[in-house]
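Novice: Attaching a single structure in structure tokens format; questions to follow.
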Amino acid sequence: MKANDLSSDLSWDIRTEAGLVRGAPRDMNDVLAFKGIPYAAPPVGKLRWHAPQPPSPWSGVRDAAAHGARCLSALEKDREPGPRSEDCLYLNVWTSAKSTAEKRPVMVWVHGGGFQFGSSAGPAIDGAALAQKGVVVVSFNYRLGILGFFAHPDLDAEGPSGNYGLQDQLAALRWVKANIAGFGGDPDNVTLFGESAGAHAIGILMASPLAHGLFHKAIGESGAFWDGRNGPLESFEEARARGQAFARQQGDMSIAALRARPAEQVNAAALWNFAVNPIVKAFSPNIDRYVVPDVPAARFARGEQMRIPLLAGWNAAEDVPFRSQALPHSSAQAFRAAAERMFGKDRLADFLNAYPADSDAQAKASAEALAGDYVISEQTWQWLRLHQRTGHAPTYGYLFSYTSPYTPVASHVTEIPFVFGTLTPQFVVGSTTPPAEVDRAMAQIMMNYWANFATRGDPNGPGLPPWPAYGENDIVQILGTTIEAQRNPQSTRFRFLDSFRENGILPMRWRELP
């Protein structure tokens, strides 16, 4: 395609494979935004529980000034505003390029939400500020809950079932490869980045043969392999048994009958809440022998993942949203008894060295730390360790511990407004205190680190505290009120949990834990 001059203040009409799109005019910082671009056909009717198909071409210029509908949420009492629909496979692009020939680094965001909720439309993940760093930013929706991860033998007769949400992510990446040059992006320099379920998805896709060549660097924030307290992600057989059980619960409905049922009714019959582990208690990623051929951590242990640069890390207080999944800890005695059931009597002394319980208050603190570790932190650390050993590519680790009146606790998700420079209210920790100058400075540092990594696979750059590569010394970058490289302060806890992995896989007997 011939390069276009995009230096005017007018909207920029871009030709995609399906047709022309027109975004909003450049904002005051010279960033163009294109929203609600379909990257796949609506997954409705016969396309429910089907691999994503190309969008139908359109004539004329499609308006791309507003987000498309969010995918249906499986979260009980989801308060996220905005319209939801089964027709939700849309993406957004932010760029400050002045020419289609610029070939800027591309950053593709995968949103979180436990594969049950979330979207690409939240104000915290608006890509305009990050695009000012010289990158092209993309975000997208993907199918969630039962509509995204329903496996059933009858569906397997049509094509591999179980991970339609992951197939959507691959389709979005294929769209980027085919179309992003028109927005001034480089299809051969794509960084996939995401948080929580988004980071889990990236770890899974790095271990998927289907993702090779679709992205070239990865940033994982608080997530890795979609495993945890109840062991690894669901097996091929477990996922299909879950799907068959659901069909029976709906009156032995056939796939055709389930497809004919309104999407809202299907979704409402399989809701989820934070008290339940979505890895084995909800429709979520599973081993489908197609997108996910094996337990992702096992593929990393064998060196079968993508050999690409990786930057990954976790937050100091990951447990905040997940405390309902903590081991019983009404007293120190109750906590020790629960730990003995999970880890074995012969390992209790080692456990208490990592998670002490000399008093009820100490047991509570340890139970909360453990919940954050087995839901998020340990596997993110494991991702770094395995990739550093077998990935033959640069690897960088971090621990986000930054706090301020704006962010009083370094909880799960609190780093996101810094990564995007949006500095939206930190509702997850109950804070509505507006950001101060120190918070804006921290956001600039983190955006520069992330953009540098997306550009050349190394977060370091002028004016930034040096960030050493991750290695056997377990040195991570502390992203706190002081930014410096230190030995991982949570190493003792993580190494205890790691001792239960065999070839990267957590014990299947943990499946039976309440």
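Starting from 1 in every chain, residues are counted up; chains themselves are A, B, ... following the order of the structure tokens, and ligands are numbered from 1 as listed.
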So which residues touch region 94-110 of chain A within 6 Å, counting only C-alpha atoms, skipping near sequence neighbours fewer than 6 positions away, as a PyMOL selection string?

Specialist: chain A and resi 3-7+30-33+127-128+131+135-139+182-186+189-194+198+455

Novice: Hey, which bits of region 114-233 of chain A sit within 8 Å of region 77-91 of chain A, and for each residue what's the closest pair of atoms and how far apart in Å (one decimal), counting only C-alpha atoms, rows by chain and increasing number, as a Markdown table?

Specialist:
| residue | atom | partner | partner_atom | distance |
| --- | --- | --- | --- | --- |
| A:Phe117 | CA | A:Asp78 | CA | 7.8 |
| A:Gly118 | CA | A:Glu80 | CA | 7.8 |
| A:Ser120 | CA | A:Leu91 | CA | 7.5 |
| A:Val138 | CA | A:Leu91 | CA | 7.0 |
| A:Ser139 | CA | A:Leu91 | CA | 5.5 |
| A:Phe140 | CA | A:Leu91 | CA | 4.0 |
| A:Asn141 | CA | A:Leu89 | CA | 5.6 |
| A:Tyr142 | CA | A:Leu89 | CA | 6.1 |
| A:Arg143 | CA | A:Leu89 | CA | 7.6 |
| A:Asp168 | CA | A:Leu89 | CA | 7.7 |
| A:Ala172 | CA | A:Leu91 | CA | 7.7 |

Novice: Considering only alpha helix (DSSP H) as DSSP defines it on the backbone, what residues of region 231-393 of chain A qualify? List them as a VMD selection string.

Specialist: chain A and resid 236 to 249 255 to 260 263 to 268 278 to 281 296 to 301 332 to 343 348 to 354 360 to 372 378 to 390

Novice: Excluding same-chain residues fewer than 2 positions from Ala269 (chain A), what lies within 12 Å of it counting only C-alpha atoms, as a ChimeraX atom specification?

Specialist: /A:73-76,145-147,246-247,249-250,258,261-267,271-272,282-283

Novice: From a DSSP calculation on the backbone, collect every residue of region 61-124 of chain A in strand (DSSP E) and output the set as a list in words.

Specialist: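 The strand (DSSP E) subset of region 61-124 of chain A is Val61, Arg62, Asp63, Tyr90, Leu91, Asn92, Val93, Trp94, Thr95, Arg104, Pro105, Val106, Met107, Val108, Trp109 and Val110 of chain A.
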
Novice: Leaving out region 339-348 of chain A and any residue of its chain fewer than 3 positions from it, which residues lie within 8 Å of it when counting only C-alpha atoms, given as an NGL selection string?

Specialist: :A and (327 or 335-336 or 351-352 or 510 or 513)

Novice: Can you write just those residues out, N, CA and C atoms, as an mmCIF file, in the first residue's frame?

Specialist:
data_model
loop_
_atom_site.group_PDB
_atom_site.id
_atom_site.type_symbol
_atom_site.label_atom_id
_atom_site.label_comp_id
_atom_site.auth_asym_id
_atom_site.auth_seq_id
_atom_site.Cartn_x
_atom_site.Cartn_y
_atom_site.Cartn_z
ATOM 1 N N LEU A 327 -6.766 -20.293 52.296
ATOM 2 C CA LEU A 327 -6.992 -21.429 53.181
ATOM 3 C C LEU A 327 -7.692 -20.955 54.455
ATOM 4 N N PHE A 335 -5.382 -22.715 60.350
ATOM 5 C CA PHE A 335 -4.529 -22.494 59.185
ATOM 6 C C PHE A 335 -3.497 -23.604 59.044
ATOM 7 N N ARG A 336 -2.871 -23.976 60.155
ATOM 8 C CA ARG A 336 -1.878 -25.043 60.089
ATOM 9 C C ARG A 336 -2.526 -26.356 59.662
ATOM 10 N N PHE A 351 6.579 -25.467 55.268
ATOM 11 C CA PHE A 351 5.508 -24.521 54.991
ATOM 12 C C PHE A 351 5.531 -23.362 55.978
ATOM 13 N N LEU A 352 5.661 -23.685 57.262
ATOM 14 C CA LEU A 352 5.618 -22.648 58.286
ATOM 15 C C LEU A 352 6.857 -21.758 58.249
ATOM 16 N N TRP A 510 -4.428 -31.801 44.233
ATOM 17 C CA TRP A 510 -4.963 -30.535 44.721
ATOM 18 C C TRP A 510 -6.357 -30.262 44.159
ATOM 19 N N LEU A 513 -9.122 -30.343 46.760
ATOM 20 C CA LEU A 513 -9.162 -29.399 47.871
ATOM 21 C C LEU A 513 -10.442 -28.570 47.798
#

Novice: Leaving out region 493-496 of chain A and any residue of its chain fewer than 5 positions from it, which residues lie within 10 Å of it when counting only C-alpha atoms, given as a PyMOL selection string?

Specialist: chain A and resi 343+347+350-355+369-370+373-374+377-382+488+501

Novice: Could you check which of A:Ala317, A:Met442, A:Val44, A:Leu423 is closest to Val409 (chain A), using only C-alpha atoms?

Specialist: A:Ala317
